[in-house]
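Visitor: Dropping in target-v4.txt, which is compact mmCIF, C-alpha atoms:
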```
# COMPACT_ATOMS: atom_id res chain seq x y z
CA MET X 122 0.00 0.00 0.00
CA ALA X 123 2.86 2.37 0.87
CA ALA X 124 4.61 1.55 -2.41
CA ALA X 125 1.45 2.31 -4.36
CA SER X 126 1.11 5.65 -2.59
CA LEU X 127 4.69 6.57 -3.46
CA LEU X 128 4.05 5.59 -7.08
CA PHE X 129 1.11 7.98 -7.35
CA ILE X 130 3.15 10.74 -5.71
CA PHE X 131 6.13 10.45 -8.06
CA LEU X 132 4.27 9.41 -11.22
CA PRO X 133 3.72 13.02 -12.44
CA LEU X 134 7.41 13.74 -11.96
CA LEU X 135 8.39 10.62 -13.88
CA LEU X 136 6.07 11.56 -16.71
CA GLY X 137 7.64 15.02 -16.83
CA VAL X 138 11.09 13.55 -17.42
CA LYS X 139 11.82 13.11 -21.09
CA CYS X 140 14.78 12.77 -23.34
CA VAL X 141 15.77 16.23 -24.57
CA VAL X 142 18.19 16.58 -27.45
CA ALA X 143 20.44 19.59 -27.09
CA ALA X 144 20.01 22.55 -29.41
CA GLU X 145 21.75 22.47 -32.81
CA PHE X 146 25.25 23.93 -32.50
CA THR X 147 27.59 24.04 -35.49
CA PRO X 148 31.19 25.28 -35.79
CA VAL X 149 31.89 28.49 -37.70
CA ALA X 150 35.19 29.50 -39.30
CA LEU X 151 35.64 33.19 -40.17
CA TRP X 152 38.59 34.78 -41.93
CA HIS X 153 39.21 38.24 -43.39
CA THR X 154 41.71 39.85 -45.73
CA SER X 155 41.70 43.01 -43.61
CA ASP X 156 42.14 43.60 -39.90
CA ILE X 157 38.90 43.16 -37.98
CA ALA X 158 39.07 43.10 -34.19
CA VAL X 159 37.02 40.23 -32.82
CA GLU X 160 36.86 39.06 -29.25
CA PRO X 161 38.66 35.80 -28.36
CA VAL X 162 36.66 32.60 -28.03
CA PHE X 163 37.54 29.98 -25.45
CA ALA X 164 37.63 26.32 -26.36
CA GLY X 165 34.35 24.53 -25.81
CA LYS X 166 32.39 27.75 -25.22
CA LYS X 167 29.00 27.95 -26.89
CA THR X 168 27.92 31.08 -28.74
CA SER X 169 24.29 32.13 -29.01
CA LEU X 170 22.88 33.33 -32.33
CA THR X 171 22.34 36.85 -30.93
CA ARG X 172 25.94 37.08 -29.68
CA PHE X 173 27.25 35.68 -32.98
CA THR X 174 25.29 38.30 -34.92
CA THR X 175 26.25 41.22 -32.67
CA ASN X 176 29.92 40.44 -31.93
CA PHE X 177 31.00 38.92 -35.23
CA ILE X 178 28.59 39.50 -38.14
CA ASP X 179 28.09 43.19 -37.31
CA LYS X 180 31.85 43.75 -37.31
CA VAL X 181 32.06 42.21 -40.76
CA LEU X 182 29.24 44.44 -42.00
CA ASN X 183 30.86 47.58 -40.56
CA ARG X 184 33.63 47.35 -43.14
CA GLU X 185 33.51 50.14 -45.73
CA SER X 186 34.16 47.90 -48.74
CA GLY X 187 34.69 44.30 -49.71
CA ALA X 188 32.48 41.26 -50.19
CA VAL X 189 31.09 38.67 -47.80
CA ILE X 190 31.25 35.00 -48.80
CA PHE X 191 29.01 32.57 -46.91
CA PHE X 192 30.03 28.93 -47.50
CA LEU X 193 27.09 26.73 -46.47
CA GLN X 194 27.50 22.98 -46.03
CA ASP X 195 24.87 20.38 -45.10
CA ILE X 196 26.47 19.01 -41.90
CA LEU X 197 29.62 19.86 -39.93
CA SER X 198 31.05 19.44 -36.45
CA MET X 199 34.34 20.07 -34.65
CA GLU X 200 34.92 16.33 -34.74
CA ASP X 201 35.20 16.60 -38.54
CA PHE X 202 38.22 18.91 -38.20
CA THR X 203 39.78 16.54 -35.69
CA LYS X 204 39.06 13.31 -37.57
CA TYR X 205 39.50 14.40 -41.19
CA GLY X 206 41.89 17.31 -40.67
CA ASP X 207 44.77 15.16 -39.43
CA ALA X 208 44.86 17.31 -36.31
CA TYR X 209 47.18 15.06 -34.28
CA ASN X 210 49.99 15.04 -36.86
CA THR X 211 52.54 17.77 -36.20
CA LYS X 212 53.45 17.83 -39.90
CA SER X 213 49.84 17.80 -41.07
CA GLN X 214 48.90 19.68 -44.22
CA GLY X 215 45.26 19.87 -43.14
CA GLY X 216 43.99 16.46 -44.24
CA SER X 217 40.67 17.09 -45.99
CA PHE X 218 40.98 20.85 -45.29
CA PRO X 219 44.37 21.95 -46.72
CA ASN X 220 43.08 25.17 -48.27
CA LEU X 221 40.94 26.11 -45.25
CA LYS X 222 43.95 25.50 -43.00
CA SER X 223 46.13 27.88 -45.01
CA TYR X 224 43.44 30.60 -45.08
CA LEU X 225 42.98 30.44 -41.32
CA GLU X 226 46.73 30.62 -40.74
CA GLU X 227 47.54 33.38 -43.25
CA THR X 228 44.68 35.82 -42.52
CA GLU X 229 42.86 37.33 -39.57
CA SER X 230 40.66 34.44 -38.47
CA VAL X 231 38.62 32.96 -35.67
CA VAL X 232 36.99 29.55 -35.22
CA LEU X 233 33.85 29.34 -33.09
CA PRO X 234 33.43 25.73 -31.90
CA ALA X 235 29.68 25.85 -31.26
CA VAL X 236 27.32 28.52 -32.60
CA GLU X 237 23.59 28.18 -32.07
CA SER X 238 21.89 27.79 -35.48
CA ALA X 239 24.56 29.73 -37.35
CA VAL X 240 22.65 29.33 -40.62
CA ASN X 241 19.98 31.67 -39.23
CA ALA X 242 22.43 34.55 -39.59
CA LEU X 243 21.78 34.42 -43.34
CA PRO X 244 18.52 36.44 -43.25
CA TYR X 245 20.31 39.16 -41.31
CA LEU X 246 23.08 39.26 -43.93
CA LYS X 247 20.55 39.29 -46.79
CA GLN X 248 18.80 42.21 -45.16
CA ASN X 249 22.02 44.23 -45.10
CA PHE X 250 22.83 43.33 -48.72
CA ALA X 251 19.35 43.99 -50.12
CA GLY X 252 19.50 43.57 -53.90
CA GLN X 253 23.18 42.58 -53.78
CA VAL X 254 22.91 38.85 -53.02
CA LYS X 255 24.22 36.17 -55.38
CA VAL X 256 23.79 32.42 -54.82
CA LEU X 257 26.52 30.24 -56.33
CA SER X 258 26.27 26.53 -57.04
CA GLU X 259 29.12 24.21 -57.94
CA ALA X 260 28.19 24.54 -61.63
CA ASP X 261 28.41 28.34 -61.41
CA ILE X 262 31.87 28.12 -59.88
CA VAL X 263 33.12 25.69 -62.54
CA ARG X 264 31.83 27.98 -65.33
CA GLY X 265 33.34 30.99 -63.60
CA PHE X 266 31.73 34.09 -62.15
CA THR X 267 32.49 37.76 -61.77
CA ALA X 268 33.54 38.82 -58.28
CA THR X 269 32.64 42.35 -57.17
CA SER X 270 32.86 44.28 -53.92
CA GLY X 271 29.87 45.16 -51.76
CA ARG X 272 27.96 41.95 -52.42
CA LEU X 273 26.95 38.85 -50.46
CA TYR X 274 27.87 35.55 -52.09
CA ILE X 275 26.13 32.43 -50.76
CA VAL X 276 28.05 29.34 -51.87
CA LYS X 277 26.06 26.11 -51.53
CA LEU X 278 28.60 23.34 -51.07
CA THR X 279 27.96 19.74 -52.06
CA GLU X 280 26.50 17.25 -49.58
CA THR X 281 29.02 15.48 -47.36
CA ASP X 282 26.70 12.89 -45.79
CA ALA X 283 28.24 10.13 -47.91
CA ASP X 284 30.14 6.88 -47.44
CA ASP X 285 33.47 8.55 -48.24
CA ARG X 286 33.04 11.64 -46.07
CA ALA X 287 36.74 12.53 -46.21
CA ALA X 288 36.63 12.81 -50.00
CA ALA X 289 33.41 14.86 -49.87
CA LEU X 290 34.98 17.32 -47.41
CA ARG X 291 38.09 17.56 -49.59
CA ARG X 292 35.91 18.33 -52.60
CA ASN X 293 34.21 21.18 -50.73
CA ASP X 294 37.61 22.46 -49.64
CA ASP X 295 38.61 22.66 -53.31
CA ILE X 296 35.40 24.57 -54.10
CA ILE X 297 36.23 27.05 -51.33
CA ALA X 298 39.70 27.49 -52.84
CA LYS X 299 38.28 28.19 -56.32
CA VAL X 300 35.93 30.86 -54.97
CA ILE X 301 38.61 32.55 -52.85
CA ARG X 302 41.04 32.48 -55.77
CA THR X 303 38.53 34.42 -57.89
CA PHE X 304 38.52 37.23 -55.32
CA THR X 305 42.27 37.29 -54.71
CA ASP X 306 43.03 37.32 -58.46
CA ASN X 307 40.89 40.47 -58.76
CA ASP X 308 42.38 42.09 -55.62
CA ILE X 309 38.98 42.22 -53.88
CA GLN X 310 38.85 42.40 -50.10
CA TYR X 311 36.54 39.82 -48.57
CA SER X 312 35.28 38.22 -45.38
CA ALA X 313 34.52 34.50 -45.50
CA ILE X 314 32.23 32.42 -43.27
CA TYR X 315 32.23 28.62 -43.36
CA THR X 316 29.51 26.72 -41.48
CA ALA X 317 26.69 24.19 -41.95
CA LYS X 318 22.93 23.86 -41.65
CA ARG X 319 23.15 21.30 -38.86
CA GLU X 320 25.61 19.40 -36.75
CA SER X 321 26.94 16.12 -38.07
CA ALA X 322 26.29 13.00 -36.01
CA THR X 323 29.00 11.96 -33.57
CA ASP X 324 29.70 8.76 -31.70
CA SER X 325 28.47 10.29 -28.44
CA PRO X 326 25.34 12.33 -29.08
CA ARG X 327 24.65 15.08 -26.57
CA VAL X 328 21.55 13.68 -24.94
CA ARG X 329 20.48 14.38 -21.40
CA LEU X 330 17.58 13.49 -19.18
CA ALA X 331 15.69 16.48 -17.90
CA ARG X 332 12.25 17.68 -16.97
CA HIS X 333 11.75 20.20 -19.77
CA LEU X 334 8.34 21.80 -20.03
CA MET X 335 8.87 23.22 -23.52
CA ALA X 336 11.00 20.50 -25.11
CA ASP X 337 10.39 19.48 -28.70
CA ASP X 338 9.45 15.92 -29.49
CA ASP X 339 11.78 15.73 -32.47
CA ASN X 340 15.19 17.06 -33.46
CA THR X 341 14.09 19.29 -36.31
CA THR X 342 16.12 22.15 -37.68
CA THR X 343 15.29 25.41 -35.99
CA THR X 344 13.24 27.93 -37.94
CA SER X 345 13.85 30.93 -35.70
CA THR X 346 13.99 34.32 -37.42
CA PHE X 347 15.56 37.56 -36.14
CA PHE X 348 15.66 40.91 -37.92
CA ASN X 349 17.09 44.27 -36.90
CA VAL X 350 15.64 46.64 -39.49
CA SER X 351 17.56 49.91 -39.81
CA GLY X 352 18.33 49.82 -36.09
CA CYS X 353 14.78 50.91 -35.19
CA ILE X 354 12.60 47.76 -35.47
CA LEU X 355 13.39 44.39 -33.91
CA PHE X 356 11.52 41.25 -34.94
CA TYR X 357 11.94 37.70 -33.63
CA SER X 358 9.93 34.51 -33.99
CA GLU X 359 10.98 31.00 -33.11
CA SER X 360 8.70 29.60 -35.81
CA VAL X 361 6.62 31.21 -38.56
CA SER X 362 3.80 29.26 -40.19
CA VAL X 363 0.87 30.01 -42.47
CA SER X 364 -2.28 27.87 -42.40
CA LEU X 365 -5.10 27.59 -44.89
CA LEU X 366 -8.19 26.92 -42.77
CA ALA X 367 -10.84 26.89 -45.50
CA PRO X 368 -11.92 25.35 -47.84
CA PHE X 369 -9.47 22.68 -46.61
CA PHE X 370 -6.67 22.62 -44.04
CA VAL X 371 -2.96 22.94 -44.88
CA LYS X 372 -0.18 24.21 -42.63
CA VAL X 373 3.19 25.34 -44.01
CA THR X 374 6.13 26.17 -41.73
CA LEU X 375 8.37 28.81 -43.27
CA PRO X 376 12.16 28.31 -43.00
CA SER X 377 14.22 31.26 -41.84
CA THR X 378 16.71 30.76 -44.70
CA ALA X 379 14.00 31.87 -47.15
CA ALA X 380 13.27 35.12 -45.27
CA SER X 381 14.40 38.68 -45.80
CA ALA X 382 13.20 41.94 -44.29
CA THR X 383 13.03 45.62 -45.12
CA GLY X 384 11.46 48.53 -43.29
CA THR X 385 11.34 52.21 -42.49
CA CYS X 386 11.86 54.02 -39.20
CA GLY X 387 9.01 56.47 -39.64
CA ALA X 388 10.80 59.67 -40.66
CA ASN X 389 8.99 62.66 -42.21
CA ASP X 390 5.64 61.96 -40.55
CA THR X 391 5.49 58.40 -41.94
CA LEU X 392 4.65 55.43 -39.75
CA PRO X 393 7.34 52.82 -39.00
CA SER X 394 6.78 49.71 -41.07
CA LEU X 395 8.25 46.22 -41.40
CA LYS X 396 8.03 43.98 -44.44
CA VAL X 397 9.10 40.32 -44.13
CA THR X 398 9.33 38.35 -47.37
CA TYR X 399 9.57 34.57 -47.85
CA THR X 400 10.41 33.13 -51.27
CA ASP X 401 10.58 29.64 -52.82
CA VAL X 402 9.22 27.60 -49.91
CA GLU X 403 8.42 23.92 -50.56
CA VAL X 404 7.18 21.37 -48.04
CA ILE X 405 6.76 17.59 -48.00
CA ASN X 406 3.04 17.50 -48.81
CA GLY X 407 3.64 19.19 -52.18
CA SER X 408 2.55 22.68 -51.19
CA THR X 409 4.72 25.50 -52.49
CA ILE X 410 4.86 29.19 -51.65
CA ASP X 411 6.50 31.21 -54.39
CA LYS X 412 6.29 34.42 -52.40
CA LEU X 413 4.76 35.48 -49.09
CA VAL X 414 4.94 39.09 -47.94
CA MET X 415 3.97 40.14 -44.42
CA ASP X 416 3.50 43.89 -43.81
CA MET X 417 3.30 45.45 -40.34
CA THR X 418 2.73 49.14 -39.62
CA PHE X 419 3.17 50.69 -36.18
CA LYS X 420 2.00 53.92 -34.55
CA ARG X 421 3.13 55.80 -31.46
CA GLU X 422 0.81 57.31 -28.86
CA PRO X 423 1.54 58.99 -25.51
CA SER X 424 0.42 55.83 -23.69
CA GLY X 425 2.48 53.47 -25.85
CA TRP X 426 2.76 52.01 -29.35
CA PHE X 427 0.49 49.62 -31.22
CA THR X 428 0.12 47.88 -34.58
CA THR X 429 -2.17 49.75 -36.95
CA ASN X 430 -2.07 47.25 -39.79
CA LEU X 431 -0.99 43.66 -40.45
CA THR X 432 -1.50 42.29 -43.95
CA MET X 433 -0.24 39.32 -45.91
CA THR X 434 -0.07 38.42 -49.60
CA ILE X 435 0.58 34.89 -50.84
CA SER X 436 1.33 33.36 -54.22
CA GLY X 437 1.81 29.62 -54.56
CA VAL X 438 -0.04 26.32 -54.38
CA PHE X 439 -1.60 24.66 -51.31
CA ARG X 440 -2.17 20.91 -51.61
CA ASN X 441 -3.90 18.42 -49.34
CA GLY X 442 -4.33 15.08 -51.05
CA THR X 443 -6.43 15.66 -54.17
CA ASP X 444 -7.40 19.18 -53.06
CA GLU X 445 -5.41 22.01 -54.57
CA LEU X 446 -5.67 25.78 -54.28
CA ALA X 447 -3.54 28.55 -55.80
CA PRO X 448 -4.10 31.93 -54.09
CA ASN X 449 -3.43 35.12 -56.02
CA ASP X 450 -0.80 37.47 -54.62
CA THR X 451 -2.96 40.45 -55.60
CA GLN X 452 -5.42 39.49 -52.86
CA VAL X 453 -4.54 41.28 -49.62
CA ILE X 454 -5.21 39.22 -46.50
CA VAL X 455 -5.95 41.48 -43.54
CA LEU X 456 -5.02 39.95 -40.17
CA ASP X 457 -6.17 40.92 -36.69
CA ALA X 458 -3.21 42.43 -34.81
CA SER X 459 -5.12 44.58 -32.34
CA GLU X 460 -3.43 42.88 -29.38
CA VAL X 461 0.11 43.76 -30.51
CA THR X 462 0.68 46.79 -28.30
CA ALA X 463 3.12 47.78 -25.56
CA PRO X 464 4.41 50.79 -23.60
CA LEU X 465 6.85 53.03 -25.47
CA ILE X 466 10.14 51.56 -24.27
CA TYR X 467 8.79 48.01 -24.06
CA SER X 468 8.64 45.21 -26.61
CA TYR X 469 5.63 42.99 -27.24
CA HIS X 470 6.03 39.25 -26.57
CA CYS X 471 3.73 36.28 -26.95
CA THR X 472 4.57 32.59 -26.62
CA ALA X 473 2.08 31.52 -29.31
CA HIS X 474 0.14 34.10 -31.28
CA PRO X 475 -2.20 33.02 -34.12
CA PHE X 476 -3.24 35.97 -36.27
CA SER X 477 -6.67 35.27 -37.76
CA GLN X 478 -7.96 36.73 -41.01
CA ARG X 479 -10.36 39.62 -40.62
CA ASN X 480 -11.64 40.01 -44.19
CA ALA X 481 -12.82 36.40 -44.65
CA GLY X 482 -16.54 36.03 -45.46
CA LEU X 483 -19.07 35.14 -48.09
CA THR X 484 -17.29 37.14 -50.78
CA ASN X 485 -13.93 35.67 -49.77
CA PRO X 486 -14.23 31.92 -49.11
CA LEU X 487 -10.51 31.52 -48.39
CA ARG X 488 -9.50 31.76 -44.76
CA PHE X 489 -5.86 32.01 -43.67
CA GLN X 490 -4.08 32.19 -40.34
CA LEU X 491 -0.54 33.35 -39.58
CA GLY X 492 1.18 31.65 -36.64
CA LEU X 493 4.13 33.17 -34.78
CA ASP X 494 5.64 31.12 -31.95
CA ALA X 495 7.75 32.87 -29.29
CA PHE X 496 6.95 36.09 -31.14
CA GLN X 497 8.59 39.35 -30.07
CA VAL X 498 8.61 42.74 -31.78
CA GLN X 499 9.64 46.27 -30.83
CA ALA X 500 9.06 49.32 -33.03
CA PHE X 501 10.08 52.18 -30.71
CA GLY X 502 12.83 52.77 -28.16
CA VAL X 503 15.23 50.29 -29.78
CA THR X 504 18.86 50.46 -28.66
CA GLY X 505 21.28 48.11 -30.42
CA SER X 506 20.13 44.56 -31.13
CA LYS X 507 18.52 43.83 -27.77
CA PHE X 508 14.82 43.96 -26.99
CA GLY X 509 13.54 46.17 -24.20
CA LYS X 510 11.47 44.83 -21.33
CA ALA X 511 8.65 42.66 -22.64
CA SER X 512 4.94 43.32 -22.32
CA ASP X 513 3.55 39.79 -22.48
CA CYS X 514 0.29 38.83 -24.14
CA THR X 515 -0.74 36.71 -21.15
CA VAL X 516 -3.70 38.39 -19.48
CA TRP X 517 -3.94 38.82 -15.73
CA PHE X 518 -7.50 37.52 -15.45
CA ASN X 519 -8.96 34.67 -17.47
CA ILE X 520 -11.46 31.82 -17.15
CA PRO X 521 -9.11 29.37 -15.30
CA ILE X 522 -8.33 32.07 -12.74
CA LEU X 523 -12.05 32.81 -12.35
CA MET X 524 -12.82 29.12 -11.79
CA GLY X 525 -10.03 28.90 -9.22
CA LEU X 526 -11.34 31.92 -7.33
CA PHE X 527 -14.91 30.56 -7.44
CA THR X 528 -13.78 27.17 -6.07
CA THR X 529 -11.75 28.90 -3.34
CA PHE X 530 -14.78 31.01 -2.39
CA ILE X 531 -16.97 27.87 -2.05
CA LEU X 532 -14.41 26.11 0.16
CA ILE X 533 -13.93 29.18 2.36
CA SER X 534 -17.75 29.49 2.70
CA ILE X 535 -18.02 25.86 3.83
CA LEU X 536 -15.19 26.36 6.32
CA THR X 537 -16.76 29.57 7.68
CA PHE X 538 -20.15 27.91 8.08
CA GLY X 539 -18.58 24.97 9.90
CA LEU X 540 -16.70 27.25 12.29
CA PHE X 541 -19.92 29.17 12.94
CA LEU X 542 -21.77 25.96 13.86
CA LEU X 543 -18.95 24.95 16.19
CA SER X 544 -19.15 28.33 17.92
CA THR X 545 -22.84 27.76 18.78
CA VAL X 546 -22.19 24.54 20.72
CA HIS X 547 -22.47 25.28 24.51
CA SER X 548 -20.71 23.20 27.12
CA MET X 549 -22.36 22.18 30.46
CA ASP X 550 -22.15 24.75 33.23
CA ARG X 551 -23.21 22.44 36.14
CA PHE X 552 -21.80 19.04 37.11
CA ASP X 553 -22.64 16.31 39.70
CA ASP X 554 -20.79 16.45 43.04
CA PRO X 555 -20.27 12.90 44.42
CA LYS X 556 -20.28 14.27 48.00
CA GLY X 557 -23.24 16.49 47.50
CA LYS X 558 -26.85 16.18 46.56
CA THR X 559 -27.71 14.58 43.27
CA ILE X 560 -28.87 17.01 40.69
CA THR X 561 -32.38 16.33 39.69
CA VAL X 562 -34.10 17.78 36.72
CA PRO X 563 -37.83 17.78 37.02
CA ALA X 564 -39.59 16.38 34.03
CA VAL X 565 -42.49 18.39 32.78
CA ASP X 566 -45.30 16.42 31.20
```
Please lay out the structure from this file as structure tokens.

Guide:
Amino acid sequence: MAAASLLFIFLPLLLGVKCVVAAEFTPVALWHTSDIAVEPVFAGKKTSLTRFTTNFIDKVLNRESGAVIFFLQDILSMEDFTKYGDAYNTKSQGGSFPNLKSYLEETESVVLPAVESAVNALPYLKQNFAGQVKVLSEADIVRGFTATSGRLYIVKLTETDADDRAAALRRNDDIIAKVIRTFTDNDIQYSAIYTAKRESATDSPRVRLARHLMADDDNTTTTSTFFNVSGCILFYSESVSVSLLAPFFVKVTLPSTAASATGTCGANDTLPSLKVTYTDVEVINGSTIDKLVMDMTFKREPSGWFTTNLTMTISGVFRNGTDELAPNDTQVIVLDASEVTAPLIYSYHCTAHPFSQRNAGLTNPLRFQLGLDAFQVQAFGVTGSKFGKASDCTVWFNIPILMGLFTTFILISILTFGLFLLSTVHSMDRFDDPKGKTITVPAVD
């Protein structure tokens, strides 16, 4: 019986314990042809995406001229440099990374062993190189390309998740050398970043047991998005999704690598605005989004700031089995953003915020919903790349709180009534004396 009682006591705690896979951390190698002061990184220290963007990417962008080259691989880990880079040989030429080794040794460089979702720095770079972004494939590099200053080059390296991983890494190292040689032959200053979309599997995966209330059930690639638009608007969302609710249901999660942002700070009596654009999104169920544009407009009042307008335009194809729908990007979808408001120096935060369509009806049978998880935005009082204090969307009084107060009131009423009944019970004020006369109570017929 005692064992059963202990089981019921600890059962909720046991159910709360689950296997949580650590966040995706990938190594990042940065090197520059000019002097850029970056802070030292200690071995084994993890770097958050915000710190990586502020302390490293921003310093690259502050250069007056030159190009930025972003080498993106499918998987990579520090173990790859150790295992395939011949790290324990004092006379090593770099193993599968001979060219990378020489670049890191001959230029100003830094290697970050573990950066949180480094690939999510791409939208921030695209934002700062608006209209000056060029994506290079292996075929483009073989044919040759023209290197110019002031542009962002995204080099998609070949997949390395193969049987002969050492040869695949060596092939990518040769591609890196061809690209760098194009810039050096034309005397163009550059900054290079080499990283991967996710961490490659190791013999000892970083798995821990913990009671994690917000842990994910699977190890999917993060889709978090962060934008600092012109230094006056900050936008962050852990996950962005768009759902078609009618005439049939389809949900599409938008990857951060397909996002870019532009905006205005509200000069000359204009309202601050933010425009986030997603292009060429394809998901497993066959749905495709050629272009999705989300527009937000903000206004300032003495009591605080609020969102005056939130619209969305979509072009693409939504599929669910045999059902198929292709919305027109000329149709403006108006979303309800009346709750997005905060004091002037505060940011607005909400753990899960679904924005429902306001202009859906008989004349518009389509019904969409925009979902922003861990959503945070700030349009006024921005200093640097950090949000101000957050005004959360959680209300102070809701139905569960009301039910709790009502139940507490009932229990306190029962307790008060019981105490009142106990107070009316009178004890005897006379008792029998064994040496005295017996107390007699006359009975009245």

Visitor: From the list X:Pro219, X:Pro234, X:Pro555, X:Pro244, which residue is nearest Ile297 of chain X when using only C-alpha atoms?

Guide: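 Among X:Pro219, X:Pro234, X:Pro555, X:Pro244, it is X:Pro219 that comes nearest to Ile297 of chain X.
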
Visitor: Find the distance between atom CA of Asp201 of chain X and atom CA of Ser321 of chain X and write it in Å to one decimal.

Guide: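 Atom-to-atom, atom CA of Asp201 of chain X and atom CA of Ser321 of chain X are spaced 8.3 Å apart.
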
Visitor: Find the spatial neighbours of Thr279 of chain X, counting all atoms listed in the file, within a cut-off of 12 Å - ignore same-chain residues fewer than 5 positions away - and output them as a list in words.

Guide: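 The neighbour list is Phe192, Leu193, Gln194, Asp195, Ile196, Leu257, Ser258, Glu259, Ala260, Arg286, Ala288, Ala289, Leu290, Arg291, Arg292, Asn293, Asp294, Asp295, Ile296, Ile297 and Ala317 of chain X.
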
Visitor: Just the number, please: distance in Å from atom CA of Lys204 of chain X to atom CA of Leu278 of chain X, one decimal.

Guide: 19.8 Å

Visitor: Would you mind listing what lies within 12 Å of Thr515 of chain X as a list in words, with all atoms listed in the file counted and same-chain residues fewer than 3 positions away left out?

Guide: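 Surrounding residues, per the criterion: Glu460, Val461, Tyr469, His470, Cys471, Thr472, Ala473, His474, Ala511, Ser512, Phe518 and Asn519 of chain X.
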